[in-house]
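What follows is the content of data32.cif (mmCIF, C-alpha atoms).
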```
data_my_file
#
loop_
_atom_site.label_atom_id
_atom_site.label_comp_id
_atom_site.auth_asym_id
_atom_site.auth_seq_id
_atom_site.Cartn_x
_atom_site.Cartn_y
_atom_site.Cartn_z
CA MET A 255 0.00 0.00 0.00
CA ALA A 256 2.99 2.30 0.51
CA ARG A 257 3.63 2.41 -3.24
CA ALA A 258 -0.06 3.10 -3.93
CA LEU A 259 0.11 6.02 -1.48
CA ASP A 260 3.21 7.30 -3.29
CA GLU A 261 1.29 7.15 -6.58
CA ALA A 262 -1.61 9.05 -4.95
CA ARG A 263 0.79 11.78 -3.79
CA LEU A 264 2.23 12.06 -7.30
CA ALA A 265 -1.29 12.37 -8.69
CA ALA A 266 -2.05 15.21 -6.26
CA ALA A 267 1.16 16.97 -7.32
CA ARG A 268 -0.15 16.84 -10.92
CA GLY A 269 -3.47 18.35 -9.82
CA GLU A 270 -5.28 15.02 -10.04
CA VAL A 271 -7.50 13.55 -7.34
CA PRO A 272 -4.97 11.66 -5.17
CA VAL A 273 -5.72 8.03 -5.83
CA GLY A 274 -2.98 5.49 -6.45
CA ALA A 275 -3.01 1.83 -7.41
CA VAL A 276 -0.52 -1.00 -7.82
CA VAL A 277 -0.81 -4.50 -9.22
CA SER A 278 1.40 -7.25 -7.87
CA GLY A 279 1.75 -10.79 -9.10
CA PRO A 280 1.08 -14.03 -7.22
CA ASP A 281 4.68 -13.88 -5.99
CA GLY A 282 4.19 -10.35 -4.59
CA ARG A 283 6.38 -8.77 -7.28
CA LEU A 284 5.25 -5.32 -8.42
CA ILE A 285 3.92 -5.46 -11.98
CA ALA A 286 2.38 -2.02 -12.46
CA ALA A 287 1.70 1.22 -10.60
CA ALA A 288 -0.37 4.27 -11.50
CA GLY A 289 -2.12 7.31 -10.16
CA ASN A 290 -5.16 9.13 -11.47
CA ARG A 291 -4.59 10.92 -14.80
CA THR A 292 -8.11 11.89 -15.86
CA ARG A 293 -7.28 15.58 -16.27
CA GLU A 294 -3.85 15.07 -17.77
CA GLN A 295 -5.15 12.63 -20.38
CA ALA A 296 -8.56 14.31 -20.78
CA ASP A 297 -9.97 10.82 -20.24
CA PRO A 298 -12.69 10.14 -17.67
CA THR A 299 -11.65 6.47 -17.58
CA ALA A 300 -8.02 7.21 -16.61
CA HIS A 301 -8.55 6.20 -12.99
CA ALA A 302 -5.55 4.79 -11.15
CA GLU A 303 -7.04 1.27 -11.10
CA ILE A 304 -7.77 1.23 -14.83
CA LEU A 305 -4.30 2.50 -15.70
CA ALA A 306 -2.62 -0.03 -13.39
CA ILE A 307 -4.71 -2.89 -14.79
CA ARG A 308 -3.89 -1.84 -18.37
CA ALA A 309 -0.17 -1.62 -17.58
CA ALA A 310 -0.18 -4.99 -15.80
CA GLY A 311 -1.97 -6.65 -18.71
CA ALA A 312 0.55 -5.19 -21.14
CA ALA A 313 3.49 -6.25 -18.95
CA LEU A 314 2.18 -9.81 -18.64
CA GLY A 315 0.83 -10.01 -22.18
CA THR A 316 -2.63 -11.08 -21.07
CA GLU A 317 -6.05 -9.64 -20.34
CA ARG A 318 -6.48 -11.91 -17.31
CA LEU A 319 -4.56 -11.00 -14.17
CA VAL A 320 -5.21 -14.33 -12.48
CA GLY A 321 -3.55 -14.57 -9.08
CA CYS A 322 -2.74 -10.85 -9.00
CA THR A 323 -3.50 -8.38 -6.23
CA LEU A 324 -4.61 -4.79 -6.72
CA HIS A 325 -3.87 -2.30 -3.93
CA VAL A 326 -5.68 1.02 -4.25
CA THR A 327 -5.93 3.93 -1.85
CA LEU A 328 -9.67 4.54 -2.32
CA GLU A 329 -12.63 2.21 -2.71
CA PRO A 330 -13.01 1.62 -6.45
CA CYS A 331 -15.93 3.21 -8.27
CA PRO A 332 -18.41 0.99 -10.15
CA MET A 333 -16.47 1.35 -13.43
CA CYS A 334 -13.23 0.25 -11.79
CA ALA A 335 -14.94 -2.54 -9.86
CA ALA A 336 -16.28 -3.93 -13.13
CA ALA A 337 -12.79 -3.75 -14.67
CA ILE A 338 -11.35 -5.56 -11.65
CA GLY A 339 -13.84 -8.36 -12.21
CA GLN A 340 -13.16 -8.48 -15.96
CA ALA A 341 -9.41 -8.67 -15.28
CA ARG A 342 -10.00 -11.57 -12.86
CA ILE A 343 -7.95 -9.87 -10.13
CA ALA A 344 -7.66 -12.38 -7.27
CA THR A 345 -7.49 -9.91 -4.39
CA LEU A 346 -8.54 -6.28 -4.04
CA VAL A 347 -7.05 -4.31 -1.15
CA TYR A 348 -8.19 -0.75 -0.58
CA GLY A 349 -7.71 2.00 1.96
CA ALA A 350 -10.43 4.61 2.40
CA SER A 351 -14.10 3.91 1.81
CA ASP A 352 -15.90 6.15 -0.67
CA PRO A 353 -19.48 6.78 0.50
CA LYS A 354 -20.13 9.11 -2.45
CA SER A 355 -18.81 7.11 -5.41
CA GLY A 356 -17.71 3.68 -4.21
CA GLY A 357 -18.80 0.53 -5.98
CA ILE A 358 -17.67 -2.21 -3.57
CA GLU A 359 -19.24 -1.61 -0.15
CA GLN A 360 -21.09 1.57 -1.13
CA GLY A 361 -23.47 2.32 -3.97
CA PRO A 362 -24.14 -0.51 -6.41
CA ARG A 363 -21.88 -3.09 -4.69
CA ILE A 364 -20.75 -4.55 -7.99
CA PHE A 365 -19.46 -7.86 -6.61
CA THR A 366 -22.76 -8.76 -4.91
CA HIS A 367 -24.71 -8.81 -8.18
CA PRO A 368 -25.61 -12.23 -9.59
CA GLN A 369 -24.19 -11.06 -12.93
CA ALA A 370 -20.70 -10.66 -11.43
CA HIS A 371 -18.62 -13.20 -13.36
CA HIS A 372 -15.72 -12.96 -10.95
CA VAL A 373 -15.60 -11.83 -7.34
CA PRO A 374 -12.17 -11.10 -5.88
CA GLN A 375 -11.27 -11.43 -2.24
CA VAL A 376 -11.76 -7.92 -0.82
CA ILE A 377 -9.70 -6.52 2.05
CA THR A 378 -10.63 -3.04 3.25
CA GLY A 379 -9.27 -0.38 5.56
CA ILE A 380 -5.55 -0.84 4.87
CA ALA A 381 -3.90 2.59 5.36
CA ALA A 382 -7.42 4.03 5.40
CA ARG A 383 -6.55 7.01 7.61
CA GLU A 384 -3.59 8.10 5.48
CA SER A 385 -5.55 7.56 2.25
CA ALA A 386 -8.49 9.61 3.56
CA GLU A 387 -6.18 12.38 4.79
CA LEU A 388 -4.61 12.71 1.33
CA LEU A 389 -8.06 13.19 -0.19
CA ARG A 390 -9.29 15.50 2.56
CA ASP A 391 -6.18 17.72 2.32
CA PHE A 392 -6.34 17.81 -1.48
CA PHE A 393 -9.96 18.96 -1.55
CA ALA A 394 -9.47 21.41 1.34
CA GLN A 395 -6.60 23.00 -0.58
CA ARG A 396 -8.71 23.16 -3.77
CA ARG A 397 -11.60 24.78 -1.88
CA GLY A 398 -9.17 27.27 -0.34
CA GLU A 399 -7.80 28.17 -3.76
CA SER A 400 -11.27 28.75 -5.17
CA LEU A 401 -12.18 30.98 -2.19
CA ARG A 402 -9.09 33.14 -2.76
CA ARG A 403 -10.03 33.85 -6.38
#
```
Go ahead and render the structure in this file as structure tokens.
Amino acid sequence: MARALDEARLAAARGEVPVGAVVSGPDGRLIAAAGNRTREQADPTAHAEILAIRAAGAALGTERLVGCTLHVTLEPCPMCAAAIGQARIATLVYGASDPKSGGIEQGPRIFTHPQAHHVPQVITGIAARESAELLRDFFAQRRGESLRR
């Protein structure tokens, strides 16, 4: 999770919402890491999870990330949760819950639907405080900047 937090900090430095994600293989080896790049790439799908999954698939030469683990600093949204299932990620580990836009324990709860073809093991709350603080500080700073204008 430390590397995912680093990716979230890098995203914040780029003006992106500070979310970071890493994919590791069954042996624990890091395969891919990414932070949000939706603004930079002008792409609403450029969430950290999507970018990390794409990079891991390219690195492994496969669309199925069987046995892999995804660590992400924030509860994945429904789009990312669906991609996690499509990629056949074995384990999802995330930090902060996202009551507004989450898709795992909040909102549509993607993996509880009967149509979910694959349901990863889900581990929550890892580095949750630090992940939430990154987000809280980022948005507080953004609100402060808009008030000064």
(request) List the neighbours of Gly311 of chain A out to 9 Å using all atoms listed in the file; skip same-chain residues closer than 6 positions along the sequence, and give me the result as a ChimeraX atom specification. (result) /A:286,317-319,341
Generate the output file for the selected residues, C-alpha atoms, as a PDB file, in the frame of the given file.
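The file below, selection_29.pdb, is the result:
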```pdb
ATOM      1  CA  ALA A 286       2.380  -2.020 -12.460  1.00  0.00           C
ATOM      2  CA  GLU A 317      -6.050  -9.640 -20.340  1.00  0.00           C
ATOM      3  CA  ARG A 318      -6.480 -11.910 -17.310  1.00  0.00           C
ATOM      4  CA  LEU A 319      -4.560 -11.000 -14.170  1.00  0.00           C
ATOM      5  CA  ALA A 341      -9.410  -8.670 -15.280  1.00  0.00           C
TER       6      ALA A 341
END
```
(request) Around the point (3.7, -3.9, -6.6), in the coordinates given by the file, pick out the residues reaching within 12 Å, counting all atoms listed in the file, and return them as a ChimeraX atom specification. (result) /A:255-261,274-288,306-307,309-310,322-326
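Here atom CA of Gly321 of chain A stands at a distance of 5.0 Å from atom CA of Ala344 of chain A.
Across the model, the gap from atom CA of His367 of chain A to atom CA of Ala302 of chain A is 23.7 Å.
If all atoms listed in the file are the atoms counted, then among A:Leu305, A:Leu314, A:Ala265, A:Ile364 the closest residue to Ala335 of chain A is A:Ile364.
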(message) My list of candidates is A:Gln375, A:Thr299, A:Ser355, A:Thr316. Which is closest to Ile343 of chain A when distances are computed with all atoms listed in the file?
(response) A:Gln375
(request) Find the residues near Glu270 of chain A: any atom within 7 Å, counting only C-alpha atoms, skip ones fewer than 6 places away on the same chain, and give them as JSON, numbers by chain. (result) {"A": [290, 291, 293]}
(message) Given all atoms listed in the file as the basis, pick out the residue of A:Met333, A:Leu328, A:Ile377, A:Val320 nearest to Ala300 of chain A.
(response) A:Met333
(request) Could you tell me which of A:Ile358, A:Ala267, A:Ala370, A:Val347 comes closest to Ala382 of chain A if we count all atoms listed in the file? (result)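 Smallest distance to Ala382 of chain A is found for A:Val347.
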(message) Given the PyMOL selection byres ((chain A and resi 360) around 12) and the file above, list the residues it selects as an NGL selection string.
(response) :A and (328-332 or 335 or 350-359 or 361-366)
Hey, can you spit out that residue selection with C-alpha atoms as a CSV table (one decimal), keeping the file's coordinate frame?
```csv
chain,number,residue,atom,x,y,z
A,328,LEU,CA,-9.7,4.5,-2.3
A,329,GLU,CA,-12.6,2.2,-2.7
A,330,PRO,CA,-13.0,1.6,-6.4
A,331,CYS,CA,-15.9,3.2,-8.3
A,332,PRO,CA,-18.4,1.0,-10.2
A,335,ALA,CA,-14.9,-2.5,-9.9
A,350,ALA,CA,-10.4,4.6,2.4
A,351,SER,CA,-14.1,3.9,1.8
A,352,ASP,CA,-15.9,6.2,-0.7
A,353,PRO,CA,-19.5,6.8,0.5
A,354,LYS,CA,-20.1,9.1,-2.4
A,355,SER,CA,-18.8,7.1,-5.4
A,356,GLY,CA,-17.7,3.7,-4.2
A,357,GLY,CA,-18.8,0.5,-6.0
A,358,ILE,CA,-17.7,-2.2,-3.6
A,359,GLU,CA,-19.2,-1.6,-0.2
A,361,GLY,CA,-23.5,2.3,-4.0
A,362,PRO,CA,-24.1,-0.5,-6.4
A,363,ARG,CA,-21.9,-3.1,-4.7
A,364,ILE,CA,-20.8,-4.6,-8.0
A,365,PHE,CA,-19.5,-7.9,-6.6
A,366,THR,CA,-22.8,-8.8,-4.9
```
(request) Spell out the residues picked by the PyMOL selection byres ((chain A and resi 384-391) around 9) here, as a list in words. (result)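 Evaluating the PyMOL selection byres ((chain A and resi 384-391) around 9) on these coordinates yields Leu259, Ala262, Arg263, Ala266, Val271, Pro272, Val273, Thr327, Leu328, Gly349, Ala350, Ser351, Ile380, Ala381, Ala382, Arg383, Phe392, Phe393, Ala394, Gln395 and Arg396 of chain A.
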Export of prior selection with C-alpha atoms as a PDB file, in the coordinates of the input:
```
ATOM      1  CA  LEU A 259       0.110   6.020  -1.480  1.00  0.00           C
ATOM      2  CA  ALA A 262      -1.610   9.050  -4.950  1.00  0.00           C
ATOM      3  CA  ARG A 263       0.790  11.780  -3.790  1.00  0.00           C
ATOM      4  CA  ALA A 266      -2.050  15.210  -6.260  1.00  0.00           C
ATOM      5  CA  VAL A 271      -7.500  13.550  -7.340  1.00  0.00           C
ATOM      6  CA  PRO A 272      -4.970  11.660  -5.170  1.00  0.00           C
ATOM      7  CA  VAL A 273      -5.720   8.030  -5.830  1.00  0.00           C
ATOM      8  CA  THR A 327      -5.930   3.930  -1.850  1.00  0.00           C
ATOM      9  CA  LEU A 328      -9.670   4.540  -2.320  1.00  0.00           C
ATOM     10  CA  GLY A 349      -7.710   2.000   1.960  1.00  0.00           C
ATOM     11  CA  ALA A 350     -10.430   4.610   2.400  1.00  0.00           C
ATOM     12  CA  SER A 351     -14.100   3.910   1.810  1.00  0.00           C
ATOM     13  CA  ILE A 380      -5.550  -0.840   4.870  1.00  0.00           C
ATOM     14  CA  ALA A 381      -3.900   2.590   5.360  1.00  0.00           C
ATOM     15  CA  ALA A 382      -7.420   4.030   5.400  1.00  0.00           C
ATOM     16  CA  ARG A 383      -6.550   7.010   7.610  1.00  0.00           C
ATOM     17  CA  PHE A 392      -6.340  17.810  -1.480  1.00  0.00           C
ATOM     18  CA  PHE A 393      -9.960  18.960  -1.550  1.00  0.00           C
ATOM     19  CA  ALA A 394      -9.470  21.410   1.340  1.00  0.00           C
ATOM     20  CA  GLN A 395      -6.600  23.000  -0.580  1.00  0.00           C
ATOM     21  CA  ARG A 396      -8.710  23.160  -3.770  1.00  0.00           C
TER      22      ARG A 396
END
```
Your completed segment 345-369 of chain A with N, CA, C and O atoms, as a CSV table (one decimal), in the frame of the given file:
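As written to disk, out19.csv reads:
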```csv
chain,number,residue,atom,x,y,z
A,345,THR,N,-7.3,-10.6,-5.7
A,345,THR,CA,-7.5,-9.9,-4.4
A,345,THR,C,-7.5,-8.4,-4.6
A,345,THR,O,-6.6,-7.9,-5.3
A,346,LEU,N,-8.5,-7.7,-4.0
A,346,LEU,CA,-8.5,-6.3,-4.0
A,346,LEU,C,-8.3,-5.8,-2.6
A,346,LEU,O,-9.0,-6.2,-1.7
A,347,VAL,N,-7.3,-4.9,-2.4
A,347,VAL,CA,-7.0,-4.3,-1.2
A,347,VAL,C,-7.2,-2.8,-1.3
A,347,VAL,O,-6.6,-2.2,-2.2
A,348,TYR,N,-8.1,-2.2,-0.5
A,348,TYR,CA,-8.2,-0.8,-0.6
A,348,TYR,C,-8.2,-0.1,0.8
A,348,TYR,O,-8.5,-0.7,1.8
A,349,GLY,N,-7.8,1.2,0.7
A,349,GLY,CA,-7.7,2.0,2.0
A,349,GLY,C,-9.0,2.6,2.4
A,349,GLY,O,-9.8,2.0,3.1
A,350,ALA,N,-9.3,3.9,2.0
A,350,ALA,CA,-10.4,4.6,2.4
A,350,ALA,C,-11.7,4.2,1.7
A,350,ALA,O,-11.7,3.9,0.5
A,351,SER,N,-12.8,4.1,2.4
A,351,SER,CA,-14.1,3.9,1.8
A,351,SER,C,-14.5,5.2,1.1
A,351,SER,O,-14.1,6.3,1.4
A,352,ASP,N,-15.4,5.0,0.1
A,352,ASP,CA,-15.9,6.2,-0.7
A,352,ASP,C,-17.4,6.2,-0.7
A,352,ASP,O,-18.1,5.6,-1.5
A,353,PRO,N,-18.0,6.8,0.4
A,353,PRO,CA,-19.5,6.8,0.5
A,353,PRO,C,-20.2,7.5,-0.7
A,353,PRO,O,-21.3,7.1,-1.0
A,354,LYS,N,-19.5,8.4,-1.4
A,354,LYS,CA,-20.1,9.1,-2.4
A,354,LYS,C,-20.1,8.3,-3.8
A,354,LYS,O,-21.1,8.3,-4.5
A,355,SER,N,-19.0,7.7,-4.1
A,355,SER,CA,-18.8,7.1,-5.4
A,355,SER,C,-18.3,5.7,-5.4
A,355,SER,O,-18.0,5.1,-6.5
A,356,GLY,N,-18.2,5.0,-4.3
A,356,GLY,CA,-17.7,3.7,-4.2
A,356,GLY,C,-18.6,2.7,-4.9
A,356,GLY,O,-19.8,2.9,-5.0
A,357,GLY,N,-18.0,1.6,-5.3
A,357,GLY,CA,-18.8,0.5,-6.0
A,357,GLY,C,-18.6,-0.8,-5.3
A,357,GLY,O,-19.1,-1.8,-5.9
A,358,ILE,N,-17.9,-0.9,-4.2
A,358,ILE,CA,-17.7,-2.2,-3.6
A,358,ILE,C,-18.6,-2.4,-2.4
A,358,ILE,O,-19.4,-3.3,-2.3
A,359,GLU,N,-18.4,-1.5,-1.4
A,359,GLU,CA,-19.2,-1.6,-0.2
A,359,GLU,C,-20.3,-0.5,-0.1
A,359,GLU,O,-21.2,-0.5,0.7
A,360,GLN,N,-20.2,0.4,-1.0
A,360,GLN,CA,-21.1,1.6,-1.1
A,360,GLN,C,-21.8,1.4,-2.5
A,360,GLN,O,-21.5,0.6,-3.3
A,361,GLY,N,-22.8,2.3,-2.7
A,361,GLY,CA,-23.5,2.3,-4.0
A,361,GLY,C,-23.9,1.0,-4.5
A,361,GLY,O,-24.6,0.2,-3.8
A,362,PRO,N,-23.6,0.7,-5.8
A,362,PRO,CA,-24.1,-0.5,-6.4
A,362,PRO,C,-23.6,-1.8,-6.0
A,362,PRO,O,-24.1,-2.9,-6.3
A,363,ARG,N,-22.5,-1.8,-5.2
A,363,ARG,CA,-21.9,-3.1,-4.7
A,363,ARG,C,-21.7,-4.1,-5.8
A,363,ARG,O,-22.4,-5.2,-5.8
A,364,ILE,N,-20.9,-3.8,-6.8
A,364,ILE,CA,-20.8,-4.6,-8.0
A,364,ILE,C,-20.6,-6.1,-7.8
A,364,ILE,O,-21.1,-6.9,-8.5
A,365,PHE,N,-19.8,-6.4,-6.8
A,365,PHE,CA,-19.5,-7.9,-6.6
A,365,PHE,C,-20.6,-8.7,-6.0
A,365,PHE,O,-20.5,-9.9,-5.9
A,366,THR,N,-21.6,-8.0,-5.5
A,366,THR,CA,-22.8,-8.8,-4.9
A,366,THR,C,-23.8,-9.1,-5.9
A,366,THR,O,-24.7,-9.9,-5.6
A,367,HIS,N,-23.7,-8.5,-7.1
A,367,HIS,CA,-24.7,-8.8,-8.2
A,367,HIS,C,-24.6,-10.2,-8.7
A,367,HIS,O,-23.5,-10.7,-8.9
A,368,PRO,N,-25.7,-10.9,-9.0
A,368,PRO,CA,-25.6,-12.2,-9.6
A,368,PRO,C,-24.9,-12.3,-10.9
A,368,PRO,O,-24.3,-13.3,-11.3
A,369,GLN,N,-24.9,-11.1,-11.6
A,369,GLN,CA,-24.2,-11.1,-12.9
A,369,GLN,C,-22.7,-10.9,-12.8
A,369,GLN,O,-22.0,-11.0,-13.8
```
